[in-house]
Amino acid sequence: MGAPHRADQAVEQPSDAVGYAGVLRELLPIALWREDAHGRIVEWSLAAQDLLGFRPQDVLGRPASGLLVPEGNHELADQLTHRVQGGETVVGTLSVRHRDGHPVTMETWIVPAADAQGRPGALLIAVETSEVLRMRDSLAALESLFSQSPIGLATLGTDLRFLRVNDALARMNGVSPAEHLGRRLTEVVPGVNAVALEKTMQDVLDSGRAVVDVRRTGRTASDPDRERTWSCSYAPLVDGSGRTLGVIASLIDITERQRAEHDAERARRRFALLAEAGTRIGTTLDLWQTCEEIVRMLVPQLADSADVQLLDDVMSPDESTEATRGVIRRMAALFPDPAAPTARLVPGMTSQLERGSLYERVIAGGRPTNLYRSDVPALVPDPRAEELRAYLMGLGSARLIPLIARGKALGAVVVTRVRGREPFDEQDCVLIDELAARAALNIDNALMYTRQRAAALTLQRSLTNSALPAVPGLELTGRYLPASEHDVGGDWFDVIALPEERTGLVIGDVMGHGIHAAAIMGQLRAAVRTLARLGIDPADMLRSLDDLVADMGEDQLATCVYAVHDPASGGCLVARAGHPPPAVASPDGAITFLGGSPGTPLGTGGRDFGIEEVPLPPGGLLVLYTDGLIETRGADLDQRLARLAAALRRPGRSLRSLCDDVLAHMLPVPAQDDVAVLMARPQWPRPAA
């Protein structure tokens with residue numbers, strides 16, 4: 001609101017006069033005019049012009065009653081003028097005429113004021129009623145917000161001292177509102193990061209920009225035993241001219257929300273760990289490696305050490321005796337702490353569980369338990385393990401989890417944390433127990449596989465005899481290379497001495513691996529040996545084997561080569577059932593591969609097995625092999641056969657050396673499939689005595 005205009009002279013008004021520029025101007029538009037003793041308008045403010053529409057030149061020197069008083073209110077106006085000229089101040093709600101003719105209801109103060117000649121006049125101060133009501137409602141709303149809001153609110157001056165604090169903030173700080181006033185945050189709540197917060201507020205004052213969601217952490221008098229977290233926002237407090245008056249602060253207690261977010265994040269990490277465990281534990285079926293993967297999964301993500309031990313009876317049930325009962329074997333241990341007595345924690349070491357001990361009860365009962373210092377002597381009863389007992393007594397927390405799979409107790413895992421780390425809480429225990437349960441299944445799978453592989457190896461060794469018979473007129477050698485130390489397949493070869501100095505040579509490959517493939521291989525080997533002695537030709541041999549495999553089931557297949565060497569004819573009769581072509585080397589070193597019909601695999605019912613007659617003079621060579629020798633992922637089969645021919649084109653060596661050289665040349669890296677090789681070379685006849 002600008003300074004009033006006067007009709008007779010320009011009188012400079014003080015800048016802090018009521019109704020002139022100042023605080024009220026920012027809050028309410030206040031109309032101000034002055035009347036002389038005759039009721040004429042002698043001063044008119046710009047705010048009056050804004051509210052009533054009259055310009056100063058329209059009203060100065062004119063009677064106010066005829067200009068501003070609506071029809072019907074003249075008598076009331078005369079009464080009020082008389083009272084004010086008598087020295088009375090009048091306050092009331094009056095209707096004032098706008099320039100366009102409509103009435104404006106205004107809250108009016110009429111104050112006695114002498115004119116320039118000292119005669120009684122009047123000063124009128126008027127505010128539009130609707131603005132007063134708006135101001136009242138705004139102030140009421142602001143007061144209600146400040147006093148009733150659950151959000152902590154405060155205003156601070158430019159010196160960062162509290163000017164006003166609501167009850168919510170007082171409760172957060174545990175200090176009454178009155179005790180805040182005039183003090184700084186560092187003086188009211190020194191137990192929070194107050195210095196950093198004051199720096200943030202100063203930055204708001206300096207930059208004029210608000211800052212949202214600054215975290216306040218620490219303890220206050222309202223809750224001295226618990227750390228809490230608040231989200232703080234700060235904004236500059238400015239007046240209408242842009243002058244900074246201080247800072248407005250708002251605070252929300254987010255302790256529970258942050259705890260919920262923390263719990264949600266922990267849950268996410270738990271699920272991620274469980275998913276990671278699925279890829280990191282049980283990557284092979286090797287028992288020792290599986291146990292090593294378990295401890296490396298637990299340390300350091302969940303624990304500071306982990307120790308996996310299995311019962312000897314579980315590992316070797318067929319060798320179980322009274323002496324092995326209760327013996328537990330350490331399979332893997334990880335103790336990064338340099339103070340740990342690692343000499344007492346070596347994998348492979350065994351100890352005897354005492355009857356009724358805590359360890360035995362936990363394994364037998366299948367219920368995990370936390371361990372305490374009082375449990376250590378019973379957990380490590382060996383009198384020679386004093387160093388280990390002393391180390392365990394100094395740990396912060398420990399947990400013993402039985403390894404149970406398919407209702408069977410396998411052993412246990414012990415996890416520990418050092419004193420400087422938080423003890424295992426309920427969520428940690430749930431996660432560790434879940435990981436142990438999954439690990440137990442992987443251990444049990446490895447145990448079952450180990451037993452099955454041992455049985456398959458035993459069966460394979462019992463069904464195959466790598467020692468070839470001594471056959472007159474033939475130099476023989478053979479090799480069998482499994483693709484994996486952990487699996488057995490159905491590849492085999494055999495040599496059968498036949499009547500009339502003939503020799504049966506056979507090589508085969510049963511589809512699949514494991515005990516079943518080894519058992520099929522054993523049946524085929526036995527059938528070949530039986531049928532060969534009946535003198536049947538190679539094609540009939542394969543037809544009989546085809547019937548045998550077909551009887552074993554629809555999905556069972558095998559390939560085979562059966563050859564009969566006859567020294568009298570100087571050659572071989574060869575029949576194939578879906579098998580790679582044998583290689584033939586002439587005495588001069590030329591290499592060929594049989595080009596006749598390969599036949600169909602055994603078990604398909606093809607039964608169309610042709611016979612090739614292959615000359616094999618002294619010094620020649622017949623090489624039978626399974627597909628693992630020539631088939632490699634991504635390699636061309638013709639190139640692999642050419643490579644085999646080049647390896648065989650080295651005459652003058654013993655068959656043993658030649659066979660070793662061929663395998664080294666063809667398999668510079670471990671084979672992807674089982675490989676069997678059988679070589680036969682006719683010898684020059686001895687001179688007659």
# chains A, B, ... in the order shown; residues from 1 in each chain; ligands from 1
>>> residues_around(residues="stretch 118-127 of chain A", least_positions_apart="5", cutoff="7 Å", atoms="only C-alpha atoms", output="list of chain:residue names")
A:Pro29, A:Ile30, A:Ala31, A:Leu32, A:Trp33, A:Arg34, A:Glu35, A:Asp36, A:Ala37, A:Val84, A:Gln85, A:Met106, A:Glu107, A:Thr108, A:Trp109, A:Ile110, A:Val111, A:Pro112, A:Ala113, A:Val132
>>> write_last_selection(atoms="C-alpha atoms", output="JSON list (two decimals), in the first residue's frame")
[["chain", "number", "residue", "atom", "x", "y", "z"],
["A", 29, "PRO", "CA", -4.60, -4.64, 1.97],
["A", 30, "ILE", "CA", -5.64, -1.76, 4.30],
["A", 31, "ALA", "CA", -7.51, 1.21, 2.86],
["A", 32, "LEU", "CA", -6.75, 4.54, 4.54],
["A", 33, "TRP", "CA", -8.34, 7.94, 4.03],
["A", 34, "ARG", "CA", -8.80, 11.12, 6.05],
["A", 35, "GLU", "CA", -11.77, 13.50, 6.26],
["A", 36, "ASP", "CA", -11.75, 17.12, 7.44],
["A", 37, "ALA", "CA", -14.30, 18.81, 9.76],
["A", 84, "VAL", "CA", -16.07, 10.71, 16.11],
["A", 85, "GLN", "CA", -15.96, 14.52, 16.05],
["A", 106, "MET", "CA", -15.46, -3.56, 5.29],
["A", 107, "GLU", "CA", -14.20, -3.84, 8.83],
["A", 108, "THR", "CA", -13.69, -0.14, 9.68],
["A", 109, "TRP", "CA", -11.84, 1.82, 12.37],
["A", 110, "ILE", "CA", -12.86, 5.51, 12.53],
["A", 111, "VAL", "CA", -10.44, 7.47, 14.68],
["A", 112, "PRO", "CA", -10.71, 11.16, 15.67],
["A", 113, "ALA", "CA", -8.03, 13.18, 13.86],
["A", 132, "VAL", "CA", -10.26, -10.38, 7.25]]
>>> residues_around(residues="A:Ala558", least_positions_apart="2", cutoff="8 Å", atoms="only C-alpha atoms", output="PDB file with C-alpha atoms, in the first residue's frame")
ATOM      1  CA  GLY A 508      31.174-101.987 -28.526  1.00  0.00           C
ATOM      2  CA  ASP A 509      29.574 -98.877 -27.068  1.00  0.00           C
ATOM      3  CA  VAL A 510      26.382 -98.968 -24.968  1.00  0.00           C
ATOM      4  CA  MET A 511      24.362 -95.760 -24.923  1.00  0.00           C
ATOM      5  CA  VAL A 549      19.327-105.504 -26.897  1.00  0.00           C
ATOM      6  CA  GLN A 556      18.250 -99.170 -25.200  1.00  0.00           C
ATOM      7  CA  CYS A 560      29.328-102.902 -32.107  1.00  0.00           C
ATOM      8  CA  PRO A 601      22.705 -99.914 -34.067  1.00  0.00           C
ATOM      9  CA  LEU A 602      21.806-102.900 -31.929  1.00  0.00           C
ATOM     10  CA  GLY A 603      18.265-102.719 -30.594  1.00  0.00           C
TER      11      GLY A 603
END
>>> residues_around(residues="A:Ala339", least_positions_apart="5", cutoff="12 Å", atoms="only C-alpha atoms", output="PDB file with N, CA and C atoms, in the first residue's frame")
ATOM      1  N   SER A 305      33.424 -68.335  10.684  1.00  0.00           N
ATOM      2  CA  SER A 305      34.035 -69.650  10.487  1.00  0.00           C
ATOM      3  C   SER A 305      32.927 -70.663  10.250  1.00  0.00           C
ATOM      4  N   GLU A 387      43.788 -76.108  23.275  1.00  0.00           N
ATOM      5  CA  GLU A 387      43.925 -74.887  22.471  1.00  0.00           C
ATOM      6  C   GLU A 387      42.622 -74.585  21.732  1.00  0.00           C
ATOM      7  N   LEU A 388      41.977 -75.618  21.196  1.00  0.00           N
ATOM      8  CA  LEU A 388      40.714 -75.427  20.483  1.00  0.00           C
ATOM      9  C   LEU A 388      39.615 -74.996  21.445  1.00  0.00           C
ATOM     10  N   ALA A 390      39.959 -73.343  24.251  1.00  0.00           N
ATOM     11  CA  ALA A 390      40.213 -71.954  24.650  1.00  0.00           C
ATOM     12  C   ALA A 390      39.789 -70.993  23.543  1.00  0.00           C
ATOM     13  N   TYR A 391      40.030 -71.387  22.289  1.00  0.00           N
ATOM     14  CA  TYR A 391      39.640 -70.514  21.172  1.00  0.00           C
ATOM     15  C   TYR A 391      38.123 -70.382  21.110  1.00  0.00           C
ATOM     16  N   LEU A 392      37.401 -71.495  21.235  1.00  0.00           N
ATOM     17  CA  LEU A 392      35.942 -71.449  21.160  1.00  0.00           C
ATOM     18  C   LEU A 392      35.355 -70.652  22.321  1.00  0.00           C
ATOM     19  N   GLY A 394      36.458 -68.012  23.478  1.00  0.00           N
ATOM     20  CA  GLY A 394      36.619 -66.589  23.229  1.00  0.00           C
ATOM     21  C   GLY A 394      35.768 -66.057  22.092  1.00  0.00           C
ATOM     22  N   LEU A 395      34.956 -66.908  21.464  1.00  0.00           N
ATOM     23  CA  LEU A 395      34.131 -66.454  20.348  1.00  0.00           C
ATOM     24  C   LEU A 395      32.897 -65.714  20.841  1.00  0.00           C
ATOM     25  N   VAL A 418      32.957 -63.895  15.604  1.00  0.00           N
ATOM     26  CA  VAL A 418      33.869 -63.350  16.609  1.00  0.00           C
ATOM     27  C   VAL A 418      33.118 -62.327  17.451  1.00  0.00           C
TER      28      VAL A 418
END
>>> residues_around(residues="stretch 636-641 of chain A", least_positions_apart="3", cutoff="10 Å", atoms="only C-alpha atoms", output="short mmCIF file (atom, residue, chain, number, x, y, z; two decimals) with C-alpha atoms, in the first residue's frame")
data_model
loop_
_atom_site.label_atom_id
_atom_site.label_comp_id
_atom_site.auth_asym_id
_atom_site.auth_seq_id
_atom_site.Cartn_x
_atom_site.Cartn_y
_atom_site.Cartn_z
CA PRO A 580 32.57 -96.15 -36.71
CA PRO A 581 34.59 -97.83 -39.53
CA ALA A 583 41.01 -98.62 -39.76
CA THR A 592 42.17 -97.16 -45.24
CA PHE A 593 38.82 -97.18 -43.44
CA LEU A 629 38.24 -91.26 -30.26
CA ILE A 630 37.13 -89.39 -33.39
CA GLU A 631 34.07 -87.36 -32.42
CA THR A 632 34.77 -83.98 -30.85
CA ARG A 633 32.29 -81.12 -30.45
CA LEU A 644 43.69 -90.75 -37.00
CA ALA A 645 45.18 -92.01 -40.29
CA ALA A 646 48.17 -89.71 -39.85
CA ALA A 647 48.73 -91.00 -36.31
CA MET A 666 43.92 -87.69 -31.00
#
>>> residues_around(residues="A:Leu663", least_positions_apart="5", cutoff="12 Å", atoms="only C-alpha atoms", output="list in words")
Gly478, Arg479, Tyr480, Leu481, Tyr625, Gly628, Leu629, Ile630, Arg643, Leu644, Ala647, Leu648, Arg656, Ser657, Leu658, Pro668, Val669, Pro670, Ala671, Val675, Ala676, Val677 and Leu678 of chain A
>>> select_by_dssp(residues="stretch 139-207 of chain A", states="strand (DSSP E)", output="NGL selection string")
:A and (152-157 or 162-165)
>>> select_by_dssp(residues="stretch 96-231 of chain A", states="alpha helix (DSSP H)", output="number ranges by chain")
A: 129-148, 167-173, 177-180, 185-188, 194-207
>>> atom_distance(atom1="atom CA of A:Arg209", atom2="atom CA of A:Tyr234")
8.7 Å
>>> closest_residue(among="A:Leu273, A:Pro224, A:Val195, A:Glu43", to="A:Arg55", atoms="only C-alpha atoms")
A:Glu43
>>> residues_around(residues="A:Glu256", least_positions_apart="5", cutoff="9 Å", atoms="only C-alpha atoms", output="PDB file with N, CA and C atoms, in the first residue's frame")
ATOM      1  N   ARG A 228      17.452 -43.567  16.986  1.00  0.00           N
ATOM      2  CA  ARG A 228      16.317 -43.285  16.115  1.00  0.00           C
ATOM      3  C   ARG A 228      16.786 -42.484  14.905  1.00  0.00           C
ATOM      4  N   THR A 229      15.916 -42.455  13.903  1.00  0.00           N
ATOM      5  CA  THR A 229      16.236 -41.750  12.656  1.00  0.00           C
ATOM      6  C   THR A 229      15.062 -40.867  12.272  1.00  0.00           C
ATOM      7  N   GLU A 261      12.385 -51.054   6.058  1.00  0.00           N
ATOM      8  CA  GLU A 261      13.191 -51.104   4.836  1.00  0.00           C
ATOM      9  C   GLU A 261      14.423 -51.971   5.045  1.00  0.00           C
TER      10      GLU A 261
END
>>> closest_residue(among="A:Ala264, A:Ile404, A:Leu624, A:Val662", to="A:Phe493", atoms="only C-alpha atoms")
A:Leu624
>>> residues_around(residues="stretch 529-537 of chain A", least_positions_apart="2", cutoff="9 Å", atoms="only C-alpha atoms", output="compact mmCIF listing (two decimals) with N, CA and C atoms, in the first residue's frame")
# COMPACT_ATOMS: atom_id res chain seq x y z
N ASP A 494 37.01 -106.80 -26.37
CA ASP A 494 37.32 -108.16 -25.90
C ASP A 494 37.99 -108.92 -27.04
N VAL A 495 38.75 -109.92 -26.67
CA VAL A 495 39.40 -110.83 -27.62
C VAL A 495 39.08 -112.25 -27.19
N ILE A 496 38.57 -113.07 -28.15
CA ILE A 496 38.14 -114.44 -27.82
C ILE A 496 38.91 -115.42 -28.70
N ALA A 497 39.60 -116.36 -28.07
CA ALA A 497 40.30 -117.41 -28.81
C ALA A 497 39.27 -118.42 -29.32
N LEU A 498 39.30 -118.70 -30.64
CA LEU A 498 38.35 -119.59 -31.28
C LEU A 498 39.06 -120.84 -31.80
N PRO A 499 38.30 -121.86 -32.13
CA PRO A 499 38.92 -123.08 -32.71
C PRO A 499 39.67 -122.77 -34.00
N GLY A 504 38.38 -114.08 -32.30
CA GLY A 504 37.28 -113.12 -32.35
C GLY A 504 37.70 -111.79 -31.72
N LEU A 524 26.18 -108.00 -22.99
CA LEU A 524 26.62 -108.12 -24.39
C LEU A 524 27.95 -108.86 -24.47
N ARG A 525 28.85 -108.53 -23.55
CA ARG A 525 30.16 -109.18 -23.56
C ARG A 525 30.02 -110.68 -23.32
N ALA A 526 29.16 -111.03 -22.35
CA ALA A 526 28.96 -112.46 -22.08
C ALA A 526 28.30 -113.16 -23.27
N ALA A 527 27.33 -112.48 -23.91
CA ALA A 527 26.66 -113.08 -25.06
C ALA A 527 27.63 -113.30 -26.21
N ALA A 539 27.94 -111.61 -39.08
CA ALA A 539 26.61 -111.03 -39.31
C ALA A 539 25.59 -111.68 -38.39
N ASP A 540 25.63 -113.01 -38.27
CA ASP A 540 24.69 -113.69 -37.38
C ASP A 540 24.93 -113.30 -35.92
N MET A 541 26.20 -113.06 -35.60
CA MET A 541 26.51 -112.60 -34.24
C MET A 541 25.76 -111.30 -33.95
N LEU A 542 25.82 -110.33 -34.88
CA LEU A 542 25.18 -109.04 -34.65
C LEU A 542 23.65 -109.17 -34.62
N SER A 544 21.98 -111.72 -33.48
CA SER A 544 21.64 -112.25 -32.15
C SER A 544 21.75 -111.16 -31.08
N ALA A 563 34.75 -108.93 -35.47
CA ALA A 563 35.65 -109.39 -36.53
C ALA A 563 36.22 -110.75 -36.14
N VAL A 564 36.43 -111.59 -37.13
CA VAL A 564 37.05 -112.91 -36.92
C VAL A 564 38.30 -112.98 -37.79
N LEU A 573 37.03 -111.36 -41.35
CA LEU A 573 35.64 -111.11 -41.70
C LEU A 573 35.10 -110.11 -40.66
N ALA A 575 31.91 -107.38 -39.42
CA ALA A 575 30.52 -106.89 -39.52
C ALA A 575 30.34 -105.75 -38.53
N ILE A 611 28.85 -108.25 -44.30
CA ILE A 611 30.17 -108.75 -43.91
C ILE A 611 31.19 -108.26 -44.94
>>> decode(residues="stretch 93-114 of chain A", atoms="N, CA and C atoms", output="PDB file, in the first residue's frame")
ATOM      1  N   THR A  93     -18.582  -2.906  11.308  1.00  0.00           N
ATOM      2  CA  THR A  93     -18.668  -3.389   9.932  1.00  0.00           C
ATOM      3  C   THR A  93     -19.579  -2.455   9.164  1.00  0.00           C
ATOM      4  N   LEU A  94     -19.021  -1.810   8.135  1.00  0.00           N
ATOM      5  CA  LEU A  94     -19.770  -0.838   7.357  1.00  0.00           C
ATOM      6  C   LEU A  94     -19.751  -1.216   5.894  1.00  0.00           C
ATOM      7  N   SER A  95     -20.788  -0.760   5.199  1.00  0.00           N
ATOM      8  CA  SER A  95     -20.862  -0.953   3.760  1.00  0.00           C
ATOM      9  C   SER A  95     -20.351   0.310   3.093  1.00  0.00           C
ATOM     10  N   VAL A  96     -19.350   0.189   2.207  1.00  0.00           N
ATOM     11  CA  VAL A  96     -18.741   1.320   1.515  1.00  0.00           C
ATOM     12  C   VAL A  96     -18.976   1.146   0.022  1.00  0.00           C
ATOM     13  N   ARG A  97     -19.290   2.273  -0.649  1.00  0.00           N
ATOM     14  CA  ARG A  97     -19.633   2.206  -2.059  1.00  0.00           C
ATOM     15  C   ARG A  97     -18.369   2.135  -2.912  1.00  0.00           C
ATOM     16  N   HIS A  98     -18.320   1.186  -3.843  1.00  0.00           N
ATOM     17  CA  HIS A  98     -17.250   1.070  -4.829  1.00  0.00           C
ATOM     18  C   HIS A  98     -17.516   2.035  -5.961  1.00  0.00           C
ATOM     19  N   ARG A  99     -16.509   2.383  -6.710  1.00  0.00           N
ATOM     20  CA  ARG A  99     -16.659   3.327  -7.812  1.00  0.00           C
ATOM     21  C   ARG A  99     -17.703   2.871  -8.819  1.00  0.00           C
ATOM     22  N   ASP A 100     -17.776   1.535  -9.043  1.00  0.00           N
ATOM     23  CA  ASP A 100     -18.743   1.040 -10.032  1.00  0.00           C
ATOM     24  C   ASP A 100     -20.145   0.908  -9.461  1.00  0.00           C
ATOM     25  N   GLY A 101     -20.310   1.261  -8.167  1.00  0.00           N
ATOM     26  CA  GLY A 101     -21.634   1.308  -7.577  1.00  0.00           C
ATOM     27  C   GLY A 101     -21.964   0.181  -6.630  1.00  0.00           C
ATOM     28  N   HIS A 102     -21.254  -0.915  -6.645  1.00  0.00           N
ATOM     29  CA  HIS A 102     -21.617  -2.018  -5.752  1.00  0.00           C
ATOM     30  C   HIS A 102     -21.030  -1.779  -4.359  1.00  0.00           C
ATOM     31  N   PRO A 103     -21.737  -2.263  -3.330  1.00  0.00           N
ATOM     32  CA  PRO A 103     -21.255  -2.051  -1.956  1.00  0.00           C
ATOM     33  C   PRO A 103     -20.132  -3.025  -1.618  1.00  0.00           C
ATOM     34  N   VAL A 104     -19.188  -2.565  -0.818  1.00  0.00           N
ATOM     35  CA  VAL A 104     -18.090  -3.395  -0.328  1.00  0.00           C
ATOM     36  C   VAL A 104     -18.163  -3.408   1.191  1.00  0.00           C
ATOM     37  N   THR A 105     -18.362  -4.577   1.774  1.00  0.00           N
ATOM     38  CA  THR A 105     -18.444  -4.695   3.233  1.00  0.00           C
ATOM     39  C   THR A 105     -17.046  -4.660   3.810  1.00  0.00           C
ATOM     40  N   MET A 106     -16.808  -3.772   4.769  1.00  0.00           N
ATOM     41  CA  MET A 106     -15.464  -3.564   5.291  1.00  0.00           C
ATOM     42  C   MET A 106     -15.485  -3.467   6.809  1.00  0.00           C
ATOM     43  N   GLU A 107     -14.428  -4.019   7.403  1.00  0.00           N
ATOM     44  CA  GLU A 107     -14.196  -3.837   8.829  1.00  0.00           C
ATOM     45  C   GLU A 107     -13.495  -2.481   8.977  1.00  0.00           C
ATOM     46  N   THR A 108     -14.132  -1.528   9.708  1.00  0.00           N
ATOM     47  CA  THR A 108     -13.686  -0.136   9.682  1.00  0.00           C
ATOM     48  C   THR A 108     -13.364   0.379  11.082  1.00  0.00           C
ATOM     49  N   TRP A 109     -12.215   1.086  11.146  1.00  0.00           N
ATOM     50  CA  TRP A 109     -11.836   1.819  12.368  1.00  0.00           C
ATOM     51  C   TRP A 109     -11.902   3.324  12.032  1.00  0.00           C
ATOM     52  N   ILE A 110     -12.742   4.060  12.749  1.00  0.00           N
ATOM     53  CA  ILE A 110     -12.864   5.509  12.530  1.00  0.00           C
ATOM     54  C   ILE A 110     -12.300   6.197  13.765  1.00  0.00           C
ATOM     55  N   VAL A 111     -11.214   6.903  13.567  1.00  0.00           N
ATOM     56  CA  VAL A 111     -10.445   7.468  14.682  1.00  0.00           C
ATOM     57  C   VAL A 111     -10.490   9.000  14.586  1.00  0.00           C
ATOM     58  N   PRO A 112     -10.746   9.691  15.692  1.00  0.00           N
ATOM     59  CA  PRO A 112     -10.710  11.159  15.666  1.00  0.00           C
ATOM     60  C   PRO A 112      -9.335  11.648  15.238  1.00  0.00           C
ATOM     61  N   ALA A 113      -9.307  12.633  14.332  1.00  0.00           N
ATOM     62  CA  ALA A 113      -8.034  13.182  13.859  1.00  0.00           C
ATOM     63  C   ALA A 113      -8.262  14.614  13.406  1.00  0.00           C
ATOM     64  N   ALA A 114      -7.544  15.587  13.988  1.00  0.00           N
ATOM     65  CA  ALA A 114      -7.724  17.014  13.637  1.00  0.00           C
ATOM     66  C   ALA A 114      -7.206  17.260  12.241  1.00  0.00           C
TER      67      ALA A 114
END
